[in-house]
file protein-v4.cif (mmCIF, C-alpha atoms)
data_upload
loop_
_atom_site.label_atom_id
_atom_site.label_comp_id
_atom_site.auth_asym_id
_atom_site.auth_seq_id
_atom_site.Cartn_x
_atom_site.Cartn_y
_atom_site.Cartn_z
CA MET A 10 0.00 0.00 0.00
CA THR A 11 1.51 3.34 -1.02
CA ALA A 12 0.84 6.87 0.10
CA PRO A 13 -1.23 9.35 -1.93
CA THR A 14 0.85 11.16 -4.51
CA ALA A 15 -1.28 14.30 -4.77
CA PRO A 16 0.84 17.43 -4.34
CA ARG A 17 0.49 19.44 -1.18
CA THR A 18 -1.24 22.80 -1.37
CA ALA A 19 0.67 26.05 -0.94
CA VAL A 20 -0.68 26.26 2.61
CA GLU A 21 0.77 22.84 3.41
CA ARG A 22 4.19 23.81 2.02
CA THR A 23 4.64 26.99 4.12
CA THR A 24 5.57 27.52 7.73
CA VAL A 25 4.94 30.50 9.98
CA LEU A 26 7.35 31.68 12.64
CA VAL A 27 5.67 32.18 16.01
CA ASP A 28 7.33 33.79 19.00
CA HIS A 29 7.79 31.24 21.79
CA ALA A 30 6.78 33.65 24.56
CA GLU A 31 3.62 34.61 22.67
CA LEU A 32 2.68 30.98 22.06
CA HIS A 33 3.39 30.02 25.67
CA ALA A 34 1.28 32.88 27.01
CA ALA A 35 -1.59 32.00 24.68
CA LEU A 36 -1.56 28.34 25.71
CA THR A 37 -1.41 29.29 29.38
CA GLY A 38 -4.47 31.50 28.91
CA LEU A 39 -6.30 28.74 27.08
CA PHE A 40 -5.65 26.23 29.85
CA THR A 41 -6.68 28.66 32.59
CA GLY A 42 -9.81 29.39 30.59
CA HIS A 43 -10.67 25.71 30.89
CA GLY A 44 -10.34 25.85 34.66
CA ILE A 45 -6.74 24.76 35.21
CA PRO A 46 -5.07 26.79 38.00
CA ASP A 47 -2.51 29.37 36.83
CA ALA A 48 0.74 27.68 37.90
CA ARG A 49 -0.35 24.34 36.50
CA ALA A 50 -1.55 25.97 33.27
CA ARG A 51 1.91 27.50 32.81
CA LEU A 52 3.52 24.12 33.45
CA ALA A 53 1.19 22.48 30.90
CA ALA A 54 2.14 25.17 28.38
CA ASP A 55 5.83 24.47 29.11
CA ALA A 56 5.28 20.78 28.39
CA LEU A 57 3.36 21.38 25.17
CA CYS A 58 5.84 23.95 23.82
CA HIS A 59 8.73 21.58 24.57
CA GLY A 60 7.75 19.46 21.58
CA ASP A 61 7.83 22.39 19.16
CA LEU A 62 10.99 23.88 20.65
CA THR A 63 12.93 20.64 20.32
CA GLY A 64 11.68 19.56 16.90
CA LEU A 65 9.23 16.92 18.18
CA ASP A 66 6.36 18.60 16.37
CA SER A 67 4.18 15.49 16.59
CA HIS A 68 4.01 16.07 20.36
CA GLY A 69 3.62 19.84 20.41
CA VAL A 70 0.70 22.14 19.62
CA PHE A 71 -0.23 19.78 16.78
CA ASN A 72 -1.98 17.78 19.53
CA LEU A 73 -3.86 20.70 21.05
CA THR A 74 -7.09 20.34 19.06
CA ARG A 75 -6.59 16.63 18.39
CA LEU A 76 -5.98 15.48 21.94
CA TYR A 77 -5.90 17.94 24.83
CA LEU A 78 -8.92 20.13 24.11
CA PRO A 79 -11.12 17.08 23.43
CA LEU A 80 -9.93 15.59 26.74
CA LEU A 81 -10.93 18.76 28.59
CA GLU A 82 -14.17 19.36 26.72
CA SER A 83 -15.41 15.78 27.03
CA GLY A 84 -14.83 15.59 30.78
CA ARG A 85 -12.33 12.73 30.45
CA CYS A 86 -9.81 15.13 31.99
CA ASP A 87 -10.64 17.06 35.20
CA PRO A 88 -9.07 20.54 34.97
CA ARG A 89 -9.18 21.03 38.74
CA ALA A 90 -8.08 17.55 39.74
CA GLN A 91 -5.90 17.26 42.84
CA PRO A 92 -3.65 14.20 42.65
CA GLU A 93 -3.75 12.10 45.81
CA ALA A 94 -0.96 10.03 47.35
CA LEU A 95 -2.29 6.53 48.04
CA THR A 96 0.98 5.19 49.45
CA ASP A 97 3.96 7.17 50.72
CA LEU A 98 7.04 5.30 51.92
CA GLY A 99 9.47 8.18 51.87
CA ALA A 100 11.64 7.30 48.89
CA CYS A 101 8.65 6.18 46.86
CA ALA A 102 4.96 6.83 46.48
CA VAL A 103 1.91 5.74 44.52
CA VAL A 104 -0.30 8.61 43.36
CA ASP A 105 -3.79 8.72 41.84
CA ALA A 106 -3.80 11.59 39.34
CA ARG A 107 -7.62 11.63 39.37
CA ARG A 108 -7.81 12.44 35.66
CA ALA A 109 -5.56 15.49 35.88
CA LEU A 110 -4.04 16.86 32.70
CA GLY A 111 -0.93 14.74 32.26
CA LEU A 112 1.09 17.66 30.86
CA TRP A 113 1.41 19.17 34.34
CA ALA A 114 0.66 16.14 36.52
CA ALA A 115 3.67 14.18 35.27
CA ALA A 116 5.95 17.20 35.69
CA GLU A 117 4.81 17.69 39.29
CA ALA A 118 5.30 13.98 39.94
CA MET A 119 8.86 14.13 38.60
CA ASP A 120 9.59 17.17 40.77
CA ASP A 121 8.30 15.14 43.73
CA ALA A 122 10.59 12.25 42.73
CA VAL A 123 13.54 14.66 42.56
CA ALA A 124 12.79 15.96 46.05
CA ARG A 125 12.63 12.39 47.37
CA ALA A 126 15.91 11.53 45.67
CA GLY A 127 17.52 14.55 47.30
CA ARG A 128 16.70 12.98 50.69
CA HIS A 129 17.11 9.27 49.94
CA GLY A 130 19.34 9.00 46.87
CA VAL A 131 16.45 7.67 44.80
CA GLY A 132 12.89 8.87 44.39
CA LEU A 133 10.10 6.97 42.67
CA VAL A 134 6.61 8.28 42.02
CA SER A 135 4.21 5.81 40.41
CA VAL A 136 1.07 7.41 38.98
CA ARG A 137 -2.26 5.98 37.90
CA GLY A 138 -5.52 7.52 36.72
CA ALA A 139 -3.61 9.89 34.43
CA THR A 140 -4.07 11.39 30.96
CA HIS A 141 -1.60 11.90 28.10
CA PHE A 142 1.56 13.72 29.23
CA GLY A 143 3.08 14.91 25.95
CA CYS A 144 6.82 14.36 25.50
CA ALA A 145 8.27 11.89 28.00
CA GLY A 146 11.57 13.72 27.68
CA PHE A 147 10.12 16.97 29.04
CA HIS A 148 9.50 15.25 32.35
CA ALA A 149 12.71 13.21 32.44
CA VAL A 150 14.95 16.20 31.76
CA ARG A 151 13.58 17.95 34.85
CA ALA A 152 15.69 15.52 36.87
CA ALA A 153 18.74 16.32 34.73
CA HIS A 154 18.28 20.04 35.37
CA ALA A 155 18.39 19.17 39.10
CA GLY A 156 21.70 17.33 38.62
CA MET A 157 20.12 13.88 38.70
CA ILE A 158 19.32 11.01 36.37
CA GLY A 159 15.67 10.81 35.36
CA VAL A 160 13.78 7.81 34.01
CA VAL A 161 10.21 8.17 32.73
CA ALA A 162 7.87 5.60 31.22
CA SER A 163 4.20 5.70 30.35
CA ASN A 164 1.77 3.14 29.04
CA CYS A 165 -1.27 4.12 26.98
CA GLY A 166 -3.94 3.05 29.43
CA GLY A 167 -6.63 1.03 27.71
CA GLN A 168 -5.58 2.08 24.20
CA ARG A 169 -4.21 -0.73 22.02
CA ILE A 170 -2.35 0.07 18.83
CA ALA A 171 0.44 -2.45 18.27
CA ARG A 172 0.24 -6.23 17.97
CA PRO A 173 2.62 -8.74 19.57
CA PRO A 174 5.01 -10.12 16.94
CA GLY A 175 3.12 -12.86 15.11
CA GLY A 176 -0.15 -11.83 16.78
CA ALA A 177 -3.37 -10.88 15.02
CA VAL A 178 -4.76 -8.55 17.72
CA ALA A 179 -3.58 -5.11 18.87
CA MET A 180 -2.70 -5.27 22.57
CA LEU A 181 -0.18 -2.57 23.47
CA GLY A 182 0.35 1.15 23.01
CA THR A 183 3.43 3.02 21.85
CA ASN A 184 4.63 2.94 25.50
CA PRO A 185 7.25 5.71 25.51
CA LEU A 186 10.44 5.60 27.56
CA SER A 187 12.85 8.42 28.39
CA VAL A 188 16.18 8.70 30.23
CA ALA A 189 17.88 12.03 30.96
CA ALA A 190 21.05 13.09 32.76
CA PRO A 191 23.38 16.06 33.07
CA ALA A 192 26.04 15.99 30.36
CA LEU A 193 27.96 18.84 28.73
CA ASP A 194 26.97 22.40 29.64
CA GLY A 195 23.62 23.34 28.16
CA HIS A 196 23.29 19.99 26.44
CA PRO A 197 21.78 17.34 28.76
CA PHE A 198 21.63 13.75 27.65
CA LEU A 199 18.01 13.12 26.69
CA LEU A 200 16.76 9.89 25.18
CA ASP A 201 13.04 10.13 24.37
CA MET A 202 11.60 7.25 22.39
CA SER A 203 8.53 5.19 21.72
CA THR A 204 9.02 1.45 21.86
CA THR A 205 7.36 1.20 18.46
CA VAL A 206 9.39 2.37 15.47
CA ALA A 207 7.51 5.67 15.49
CA PRO A 208 4.83 7.22 17.71
CA THR A 209 1.31 7.73 16.42
CA GLY A 210 1.82 11.49 16.29
CA ARG A 211 4.54 11.25 13.66
CA VAL A 212 2.31 9.06 11.54
CA ARG A 213 -0.52 11.58 11.82
CA VAL A 214 1.75 14.51 11.01
CA ALA A 215 2.77 12.69 7.81
CA ALA A 216 -0.88 12.00 7.00
CA ARG A 217 -1.73 15.69 7.46
CA ARG A 218 1.11 16.64 5.12
CA GLY A 219 0.18 14.02 2.56
CA THR A 220 3.65 12.49 2.62
CA PRO A 221 4.49 8.78 2.86
CA VAL A 222 6.14 7.27 5.92
CA PRO A 223 9.28 5.14 5.57
CA ALA A 224 8.81 1.45 4.92
CA GLY A 225 9.16 -0.22 8.29
CA TRP A 226 6.98 2.14 10.35
CA LEU A 227 3.67 0.45 9.54
CA GLU A 228 2.45 -2.95 8.44
CA ASP A 229 -0.88 -4.34 7.28
CA ALA A 230 -2.77 -7.26 8.82
CA ALA A 231 -0.57 -9.71 6.95
CA GLY A 232 2.66 -8.03 8.06
CA ALA A 233 3.45 -6.36 4.72
CA PRO A 234 4.94 -2.82 4.82
CA VAL A 235 2.55 0.13 4.52
CA THR A 236 3.75 3.62 3.58
CA ASP A 237 0.38 5.41 3.44
CA PRO A 238 0.14 7.09 6.87
CA SER A 239 -3.62 7.63 6.59
CA ALA A 240 -4.06 3.84 6.62
CA PHE A 241 -3.30 3.90 10.34
CA ASP A 242 -6.37 5.92 11.34
CA ARG A 243 -8.47 3.92 8.89
CA GLY A 244 -7.60 0.83 10.94
CA GLU A 245 -5.75 -0.72 8.01
CA ALA A 246 -2.22 -0.53 9.42
CA PHE A 247 -0.38 -1.26 12.66
CA LEU A 248 2.74 0.29 14.14
CA ARG A 249 5.81 -1.93 14.08
CA TRP A 250 8.05 -2.46 17.08
CA LEU A 251 11.64 -1.25 17.24
CA GLY A 252 13.74 -3.97 15.65
CA GLY A 253 11.26 -4.51 12.83
CA THR A 254 11.30 -8.25 12.22
CA ALA A 255 12.35 -11.43 13.98
CA GLU A 256 15.57 -11.40 11.97
CA THR A 257 16.46 -7.82 12.95
CA GLY A 258 15.45 -7.91 16.63
CA VAL A 259 11.73 -7.15 16.98
CA HIS A 260 11.83 -8.82 20.40
CA LYS A 261 13.77 -5.80 21.68
CA GLY A 262 11.10 -3.20 20.97
CA TYR A 263 8.31 -5.58 21.93
CA GLY A 264 10.09 -6.48 25.16
CA LEU A 265 10.63 -2.82 26.00
CA GLY A 266 6.92 -2.20 25.38
CA ILE A 267 6.04 -4.92 27.88
CA ALA A 268 8.62 -3.57 30.35
CA VAL A 269 6.95 -0.15 30.19
CA GLU A 270 3.57 -1.78 30.80
CA LEU A 271 4.98 -3.42 33.94
CA LEU A 272 6.70 -0.30 35.26
CA ALA A 273 3.99 2.21 34.43
CA ALA A 274 0.77 0.24 34.85
CA VAL A 275 1.30 -2.84 37.00
CA VAL A 276 3.28 -0.94 39.66
CA SER A 277 0.75 1.91 39.85
CA GLY A 278 -2.47 -0.01 39.29
CA ALA A 279 -3.29 1.82 36.04
CA ALA A 280 -5.27 0.36 33.15
CA VAL A 281 -3.31 -2.33 31.30
CA GLY A 282 -3.20 -2.75 27.52
CA PRO A 283 -2.92 -6.56 27.39
CA ALA A 284 -6.17 -7.16 29.31
CA PRO A 285 -8.93 -9.65 28.39
CA ALA A 286 -10.80 -6.82 26.63
CA ALA A 287 -7.94 -6.70 24.12
CA LEU A 288 -9.11 -10.05 22.75
CA GLU A 289 -12.52 -8.67 21.81
CA GLY A 290 -13.35 -7.06 18.48
CA ASP A 291 -11.70 -7.52 15.10
CA GLY A 292 -8.07 -7.10 16.18
CA ARG A 293 -7.62 -3.59 14.80
CA PRO A 294 -6.47 -0.68 17.00
CA HIS A 295 -9.09 -0.04 19.66
CA GLY A 296 -9.72 1.13 23.22
CA SER A 297 -9.13 4.59 24.71
CA ASP A 298 -6.17 6.17 26.43
CA ASP A 299 -7.89 6.56 29.80
CA GLY A 300 -6.42 5.37 33.09
CA ILE A 301 -2.83 5.89 31.93
CA GLY A 302 0.06 4.97 34.22
CA PHE A 303 3.36 6.86 34.68
CA PHE A 304 6.68 5.70 36.12
CA LEU A 305 8.91 8.58 37.25
CA LEU A 306 12.27 7.80 38.80
CA ALA A 307 14.97 10.23 39.93
CA ILE A 308 18.44 9.04 40.96
CA ALA A 309 20.87 11.31 42.82
CA PRO A 310 24.37 9.81 42.42
CA GLU A 311 25.92 12.48 44.63
CA VAL A 312 23.64 11.47 47.50
CA LEU A 313 24.47 7.81 46.98
CA ARG A 314 28.22 8.54 46.66
CA PRO A 315 29.06 11.35 49.08
CA GLY A 316 32.21 13.19 48.10
CA ALA A 317 32.33 11.78 44.59
CA ASP A 318 32.78 14.25 41.74
CA VAL A 319 29.86 12.98 39.70
CA PRO A 320 29.66 16.07 37.44
CA ALA A 321 33.28 15.49 36.38
CA ALA A 322 32.50 11.86 35.59
CA THR A 323 29.53 12.74 33.41
CA ARG A 324 31.43 15.53 31.64
CA SER A 325 34.20 13.06 30.90
CA LEU A 326 31.76 10.44 29.63
CA PHE A 327 29.89 12.75 27.28
CA GLY A 328 32.94 14.79 26.38
CA THR A 329 34.71 11.65 25.25
CA LEU A 330 31.73 10.69 23.10
CA ALA A 331 31.69 14.16 21.55
CA ASP A 332 35.43 13.90 20.87
CA CYS A 333 35.02 10.70 18.87
CA PRO A 334 36.35 11.42 15.37
CA PRO A 335 33.62 11.22 12.73
CA VAL A 336 33.84 9.09 9.63
CA PRO A 337 35.50 10.92 6.71
CA GLY A 338 33.23 13.70 5.56
CA GLY A 339 30.77 13.04 8.39
CA GLU A 340 29.15 15.34 10.92
CA PRO A 341 30.57 15.73 14.45
CA VAL A 342 29.63 12.93 16.82
CA ARG A 343 26.92 13.90 19.28
CA TYR A 344 24.59 12.15 21.75
CA PRO A 345 20.78 12.09 22.18
CA GLY A 346 19.56 15.47 23.40
CA TRP A 347 22.30 17.57 21.76
CA ARG A 348 20.33 18.49 18.65
CA GLU A 349 17.20 19.17 20.71
CA ALA A 350 19.08 21.56 23.01
CA GLU A 351 20.57 23.44 20.06
CA LEU A 352 17.19 23.67 18.34
CA ALA A 353 15.47 24.96 21.47
CA VAL A 354 17.97 27.80 21.80
CA GLU A 355 17.51 28.73 18.15
CA ARG A 356 13.73 28.65 18.31
CA ARG A 357 13.51 30.64 21.53
CA ARG A 358 15.59 33.30 19.83
CA HIS A 359 14.13 33.33 16.32
CA GLY A 360 10.67 31.76 16.66
CA ILE A 361 9.00 28.38 16.32
CA PRO A 362 8.14 27.34 12.75
CA LEU A 363 4.57 26.04 12.63
CA PRO A 364 2.90 24.62 9.52
CA ALA A 365 0.56 27.24 8.08
CA HIS A 366 -2.51 25.04 8.60
CA LEU A 367 -1.63 24.65 12.30
CA HIS A 368 -1.02 28.39 12.64
CA ALA A 369 -4.45 28.96 11.12
CA GLU A 370 -5.97 26.60 13.70
CA LEU A 371 -4.45 28.64 16.51
CA ILE A 372 -5.79 31.87 14.98
CA ASP A 373 -9.26 30.31 14.76
CA LEU A 374 -9.02 29.43 18.44
CA GLY A 375 -8.20 33.05 19.22
CA LEU A 376 -4.75 32.13 20.51
CA LEU A 377 -2.74 34.10 17.97
CA GLY A 378 -3.51 37.32 16.15
CA GLY A 379 -2.40 38.20 12.63
CA PRO A 380 -1.08 36.08 9.81
CA GLY A 381 2.52 35.85 11.08
CA SER A 382 5.53 35.66 8.81
CA PRO A 383 5.41 32.89 6.21
CA ARG A 384 8.78 31.67 4.99
#
call {"tool": "encode", "arguments": {"input": "protein-v4.cif", "output": "structure tokens"}}
result
Amino acid sequence: MTAPTAPRTAVERTTVLVDHAELHAALTGLFTGHGIPDARARLAADALCHGDLTGLDSHGVFNLTRLYLPLLESGRCDPRAQPEALTDLGACAVVDARRALGLWAAAEAMDDAVARAGRHGVGLVSVRGATHFGCAGFHAVRAAHAGMIGVVASNCGGQRIARPPGGAVAMLGTNPLSVAAPALDGHPFLLDMSTTVAPTGRVRVAARRGTPVPAGWLEDAAGAPVTDPSAFDRGEAFLRWLGGTAETGVHKGYGLGIAVELLAAVVSGAAVGPAPAALEGDGRPHGSDDGIGFFLLAIAPEVLRPGADVPAATRSLFGTLADCPPVPGGEPVRYPGWREAELAVERRRHGIPLPAHLHAELIDLGLLGGPGSPR
């Protein structure tokens, strides 16, 4: 199955530069207008802008009208929810988010984990009853900014998108995983990944643009490659796991997806993808992303190793990687998070490029005024 070949319109081909501060203020106002308290609305705007600042446009304002506003307007998300600690053992806790907006709830939970790690060396906050939290990396890197290592995982609640290798029924979500740590100045290490080859957002961005996805992202019911991204939302294609096939290591992505389910859902008591309900229906993607579980871990090496010069060790580790000579004619060697940090600095200074159709959506919502500056 191939993607449509119709050319994109002029609107699809252009981008509009939007000032980050203006966009952030507009999103904050929108969230407060839906009843979210001011500080939490600003935090939610931080989380949403992170995607656009760092080039993860599939997890930025692209999802505002497709995900977060429908959550708020349908009542599936409670704008005034107050998360409640169900268990608190000092270094770790289990929290019921009570349908809070995941954009801020996960960030607050990571900050709580960081505070616990500052006292105990490690801090774990396990969250259930949550909603979509945007970029996993936004929450993980909060630990890095505090001088710690952060680990974040999230399942997709009761939403089922991907099939077990060789299986005929969708049972798991994209189940993202992120690890962050201090590295070289201004460039934290930040791994932010789905355990499928690509997240759903990137597929939908491609569908909106009318461009094909690479062979290997999607497969049909028989396991054949699909490059038409719109086939996913038609229920005619499934996401593939990292590793691709049995010959190239599909068990790795699939196994990581299960590991996230264990860490994020079983530990917290959240909804689980591979539940008996997954066996019902026709096997295509189904269910809803309600009752999501989060796993947020902060590790403070300097608390665990008093007197150790941990910053020097991390600078040496990442500095050595950056000093690795590239292949002839190649780009300098970098590590995950470097490009994102560079891009965020550039976009804070010069503006965030939004597709013209997305810019028009924000104008229609009353968030932005004026046509902007197409380029």
call {"tool": "closest_residue", "arguments": {"input": "protein-v4.cif", "among": "A:Pro362, A:Pro46, A:Gly346, A:Gly167", "to": "A:Ala153", "atoms": "only C-alpha atoms"}}
result
A:Gly346
call {"tool": "closest_residue", "arguments": {"input": "protein-v4.cif", "among": "A:Val312, A:Ala189, A:Met180, A:Val212", "to": "A:Val281", "atoms": "only C-alpha atoms"}}
result
A:Met180
call {"tool": "residues_around", "arguments": {"input": "protein-v4.cif", "residues": "stretch 98-113 of chain A", "least_positions_apart": "3", "cutoff": "6 Å", "atoms": "all atoms listed in the file", "output": "NGL selection string"}}
result
:A and (49 or 52-53 or 56 or 86-87 or 90 or 92-95 or 116 or 125 or 129 or 132-143)
call {"tool": "resolve_selection", "arguments": {"input": "protein-v4.cif", "expression": "the PyMOL selection byres ((chain A and resi 265) around 12)", "output": "short mmCIF file (atom, residue, chain, number, x, y, z; two decimals) with C-alpha atoms, in the coordinates of the input"}}
result
data_model
loop_
_atom_site.label_atom_id
_atom_site.label_comp_id
_atom_site.auth_asym_id
_atom_site.auth_seq_id
_atom_site.Cartn_x
_atom_site.Cartn_y
_atom_site.Cartn_z
CA ALA A 162 7.87 5.60 31.22
CA SER A 163 4.20 5.70 30.35
CA ASN A 164 1.77 3.14 29.04
CA PRO A 173 2.62 -8.74 19.57
CA LEU A 181 -0.18 -2.57 23.47
CA GLY A 182 0.35 1.15 23.01
CA THR A 183 3.43 3.02 21.85
CA ASN A 184 4.63 2.94 25.50
CA PRO A 185 7.25 5.71 25.51
CA LEU A 186 10.44 5.60 27.56
CA SER A 187 12.85 8.42 28.39
CA MET A 202 11.60 7.25 22.39
CA SER A 203 8.53 5.19 21.72
CA THR A 204 9.02 1.45 21.86
CA THR A 205 7.36 1.20 18.46
CA VAL A 206 9.39 2.37 15.47
CA TRP A 250 8.05 -2.46 17.08
CA LEU A 251 11.64 -1.25 17.24
CA GLY A 252 13.74 -3.97 15.65
CA GLY A 258 15.45 -7.91 16.63
CA VAL A 259 11.73 -7.15 16.98
CA HIS A 260 11.83 -8.82 20.40
CA LYS A 261 13.77 -5.80 21.68
CA GLY A 262 11.10 -3.20 20.97
CA TYR A 263 8.31 -5.58 21.93
CA GLY A 264 10.09 -6.48 25.16
CA GLY A 266 6.92 -2.20 25.38
CA ILE A 267 6.04 -4.92 27.88
CA ALA A 268 8.62 -3.57 30.35
CA VAL A 269 6.95 -0.15 30.19
CA GLU A 270 3.57 -1.78 30.80
CA LEU A 271 4.98 -3.42 33.94
CA LEU A 272 6.70 -0.30 35.26
CA ALA A 273 3.99 2.21 34.43
#
call {"tool": "closest_residue", "arguments": {"input": "protein-v4.cif", "among": "A:Glu340, A:Gly127, A:Phe71, A:Gly44", "to": "A:Arg89", "atoms": "all atoms listed in the file"}}
result
A:Gly44
call {"tool": "closest_residue", "arguments": {"input": "protein-v4.cif", "among": "A:Pro88, A:Pro174, A:Asp194, A:Pro238", "to": "A:Ala255", "atoms": "all atoms listed in the file"}}
result
A:Pro174
